[in-house]
Amino acid sequence: MAVRIKSRIIVACAWLVLGAAMIIVPTLVAVNALRATLAGHPVNLILTVICLVIGVIGIAWGIGSLILGERYDQFDRSGRRPRQRTPEEIRRQLNRRIALAVPAMIIGLVLVVAVGYASPRVAVEPALGELRSDETVRVVDKLTWYELVPDRRDRHDNVIEPTTGFVFYPGGRVDPQAYAAMLRPLAEAGYLVAVLKVPLSLAMIDIDHARSVINVHPEIDAWAVAGHSVGGVAAAAYLDTDERVDGLVLYASYPSAKIKRDDFQALSLFGSADEQTTPARADAAKDLLPPKTRYVTLDGATHDVYGDYGGETGDAAADRDLRGVIIKETTELLKAIKPAP
């Protein structure tokens with residue numbers, strides 16, 4: 001009897017603690033990154049809501065178990081009249097409770113960690129201001145990516161359709177919107193730009209994501225893929241699987257393995273002050289890229305210079321100058337693939 005009561009109390013208390021975590025973590029996500037979560041990959045929002053709902057259920061079950069559990073354990077109410085359970089039935093009930101509770105709590109714990117990890121560093125100005133459509137760029141918010149579509153016309157007012165596309169994988173736990181200020185000039189220059197929304201804020205989970213973009217744009221003749229940090233790792237891995245891709249741009253990144261193809265244009269940019277993708281690491285990874293890869297060192301640049309997201313500090317004027325170099329180098333690669341019309 002004591003073991004049965006103790007197991008019930010332990011399981012109930014464990015669910016109270018886990019349930020509280022499953023409520024607190026989504027609440028913190030809502031407070032700190034609601035806009036980014038709503039605008040991001042739908043999986044992130046779905047998991048956040050599921051976590052919150054299960055947390056409420058877990059706390060309700062834990063409280064109910066502590067208050068009513070002993071009465072439930074003692075009597076079997078499956079028949080017309082309640083009857084007291086035998087010691088053997090109680091033992092089986094104990095085993096069943098543990099068999100169900102332990103896997104459920106492990107799943108709940110994994111869910112809490114996933115929701116907490118998926119909460120991105122949110123985009124701030126000037127990136128947010130660049131996500132508005134105007135007479136030069138049309139911003140299209142799709143379910144799992146957003147597009148910056150050039151709105152250009154010739155002297156006869158005919159629409160000039162883009163023929164080269166650029167698919168961008170964001171860095172780990174970074175709001176995809178944070179890269180708008182860096183990428184919008186590419187759209188203004190006549191290139192279709194697609195910025196991927198990635199599940200759990202981690203591009204490596206869906207390396208093939210770029211394929212969805214490329215497949216819905218058969219009018220685009222040439223493609224380049226790119227990524228920041230871990231997003232660059234995903235972009236390099238994808239390029240090796242799709243011969244329609246003619247270019248690769250790595251921002252503070254390098255491939256996780258040697259790229260088998262060598263029939264594409266490649267550009268690698270890294271900052272001299274980057275403490276994550278250090279110049280030494282970038283240099284050591286050169287064997288993973290084709291010999292004709294162009295390498296550009298950004299003097300004074302840190303790991304975060306490519307995007308605008310919360311917590312970033314630095315010299316705004318210097319960052320603007322560095323962005324100019326980044327945009328220029330990226331545009332040159334796109335021109336080498338196929339000049340904009």
# chains A, B, ... in the order shown; residues from 1 in each chain; ligands from 1
>>> select_by_dssp(residues="stretch 134-319 of chain A", states="alpha helix (DSSP H)", output="ChimeraX atom specification")
/A:180-188,209-215,230-239,279-284,316-319
>>> write_last_selection(atoms="C-alpha atoms", output="PDB file, in the first residue's frame")
ATOM      1  CA  ALA A 180      15.841  41.589 -44.711  1.00  0.00           C
ATOM      2  CA  ALA A 181      18.130  44.640 -44.664  1.00  0.00           C
ATOM      3  CA  MET A 182      21.000  42.616 -46.102  1.00  0.00           C
ATOM      4  CA  LEU A 183      18.927  40.790 -48.721  1.00  0.00           C
ATOM      5  CA  ARG A 184      16.523  43.451 -49.961  1.00  0.00           C
ATOM      6  CA  PRO A 185      19.182  45.188 -52.115  1.00  0.00           C
ATOM      7  CA  LEU A 186      19.530  41.929 -54.060  1.00  0.00           C
ATOM      8  CA  ALA A 187      15.835  42.077 -54.915  1.00  0.00           C
ATOM      9  CA  GLU A 188      16.170  45.743 -55.823  1.00  0.00           C
ATOM     10  CA  HIS A 209      13.576  23.187 -47.945  1.00  0.00           C
ATOM     11  CA  ALA A 210      15.042  25.125 -50.886  1.00  0.00           C
ATOM     12  CA  ARG A 211      13.619  22.536 -53.268  1.00  0.00           C
ATOM     13  CA  SER A 212      10.084  23.720 -52.480  1.00  0.00           C
ATOM     14  CA  VAL A 213      10.986  27.256 -53.531  1.00  0.00           C
ATOM     15  CA  ILE A 214      12.781  26.188 -56.699  1.00  0.00           C
ATOM     16  CA  ASN A 215       9.957  23.864 -57.748  1.00  0.00           C
ATOM     17  CA  VAL A 230      24.458  26.706 -39.561  1.00  0.00           C
ATOM     18  CA  GLY A 231      22.198  27.867 -42.384  1.00  0.00           C
ATOM     19  CA  GLY A 232      25.243  27.854 -44.638  1.00  0.00           C
ATOM     20  CA  VAL A 233      25.926  24.253 -43.678  1.00  0.00           C
ATOM     21  CA  ALA A 234      22.397  23.363 -44.806  1.00  0.00           C
ATOM     22  CA  ALA A 235      22.759  25.358 -48.037  1.00  0.00           C
ATOM     23  CA  ALA A 236      26.015  23.592 -48.929  1.00  0.00           C
ATOM     24  CA  ALA A 237      24.463  20.193 -48.230  1.00  0.00           C
ATOM     25  CA  TYR A 238      21.472  21.017 -50.424  1.00  0.00           C
ATOM     26  CA  LEU A 239      23.591  22.270 -53.320  1.00  0.00           C
ATOM     27  CA  PRO A 279      39.195  32.977 -39.687  1.00  0.00           C
ATOM     28  CA  ALA A 280      41.234  29.946 -38.639  1.00  0.00           C
ATOM     29  CA  ARG A 281      38.207  27.658 -38.906  1.00  0.00           C
ATOM     30  CA  ALA A 282      37.226  29.128 -42.248  1.00  0.00           C
ATOM     31  CA  ASP A 283      40.770  28.612 -43.513  1.00  0.00           C
ATOM     32  CA  ALA A 284      40.836  25.008 -42.289  1.00  0.00           C
ATOM     33  CA  ALA A 316      26.051  50.893 -36.715  1.00  0.00           C
ATOM     34  CA  ALA A 317      28.038  52.942 -39.242  1.00  0.00           C
ATOM     35  CA  ALA A 318      30.734  50.269 -39.492  1.00  0.00           C
ATOM     36  CA  ASP A 319      28.070  47.595 -39.910  1.00  0.00           C
TER      37      ASP A 319
END
>>> select_by_dssp(residues="stretch 270-304 of chain A", states="strand (DSSP E or B)", output="ChimeraX atom specification")
/A:270-271,294-298
>>> residues_around(residues="A:Gln276", least_positions_apart="4", cutoff="10 Å", atoms="only C-alpha atoms", output="mmCIF file with N, CA and C atoms, in the first residue's frame")
data_model
loop_
_atom_site.group_PDB
_atom_site.id
_atom_site.type_symbol
_atom_site.label_atom_id
_atom_site.label_comp_id
_atom_site.auth_asym_id
_atom_site.auth_seq_id
_atom_site.Cartn_x
_atom_site.Cartn_y
_atom_site.Cartn_z
ATOM 1 N N SER A 229 25.864 31.008 -40.905
ATOM 2 C CA SER A 229 26.236 30.084 -39.833
ATOM 3 C C SER A 229 25.742 28.672 -40.171
ATOM 4 N N ALA A 252 29.782 33.475 -42.848
ATOM 5 C CA ALA A 252 30.283 32.970 -41.562
ATOM 6 C C ALA A 252 29.960 31.485 -41.412
ATOM 7 N N SER A 253 30.291 30.722 -42.442
ATOM 8 C CA SER A 253 29.927 29.307 -42.448
ATOM 9 C C SER A 253 30.875 28.529 -43.349
ATOM 10 N N GLY A 271 34.120 37.170 -40.954
ATOM 11 C CA GLY A 271 34.625 38.358 -40.283
ATOM 12 C C GLY A 271 35.920 38.110 -39.543
ATOM 13 N N ARG A 281 39.122 28.739 -38.534
ATOM 14 C CA ARG A 281 38.207 27.658 -38.906
ATOM 15 C C ARG A 281 37.819 27.751 -40.378
ATOM 16 N N THR A 302 31.820 40.828 -36.923
ATOM 17 C CA THR A 302 31.525 39.762 -35.978
ATOM 18 C C THR A 302 30.586 38.751 -36.638
ATOM 19 N N HIS A 303 30.170 37.772 -35.877
ATOM 20 C CA HIS A 303 29.303 36.718 -36.404
ATOM 21 C C HIS A 303 27.908 37.238 -36.740
ATOM 22 N N ASP A 304 27.501 38.342 -36.111
ATOM 23 C CA ASP A 304 26.124 38.825 -36.240
ATOM 24 C C ASP A 304 25.947 39.939 -37.260
#
>>> closest_residue(among="A:Ile106, A:Val113, A:Ile327, A:Leu47", to="A:Tyr179", atoms="only C-alpha atoms")
A:Ile327
>>> closest_residue(among="A:Gly55, A:Gly129, A:Pro170, A:Pro199", to="A:His41", atoms="only C-alpha atoms")
A:Pro199
>>> residues_around(residues="A:Ala123", least_positions_apart="4", cutoff="12 Å", atoms="only C-alpha atoms", output="MDAnalysis selection string")
chainID A and resid 32:37 39:40 127:131 170 173:181 304 306:312
>>> atom_distance(atom1="atom CA of A:Pro255", atom2="atom CA of A:Ala194")
20.8 Å
>>> closest_residue(among="A:Trp61, A:Trp145, A:Tyr251, A:Phe264", to="A:Glu329", atoms="only C-alpha atoms")
A:Tyr251
>>> atom_distance(atom1="atom CA of A:Val49", atom2="atom CA of A:Val115")
9.4 Å
>>> atom_distance(atom1="atom CA of A:Thr331", atom2="atom CA of A:Ile259")
22.6 Å
>>> closest_residue(among="A:Leu269, A:Ala14, A:Ala222, A:Ala336", to="A:Val305", atoms="only C-alpha atoms")
A:Leu269
>>> closest_residue(among="A:Val225, A:Val29, A:Leu38, A:Leu16", to="A:Val56", atoms="only C-alpha atoms")
A:Leu16
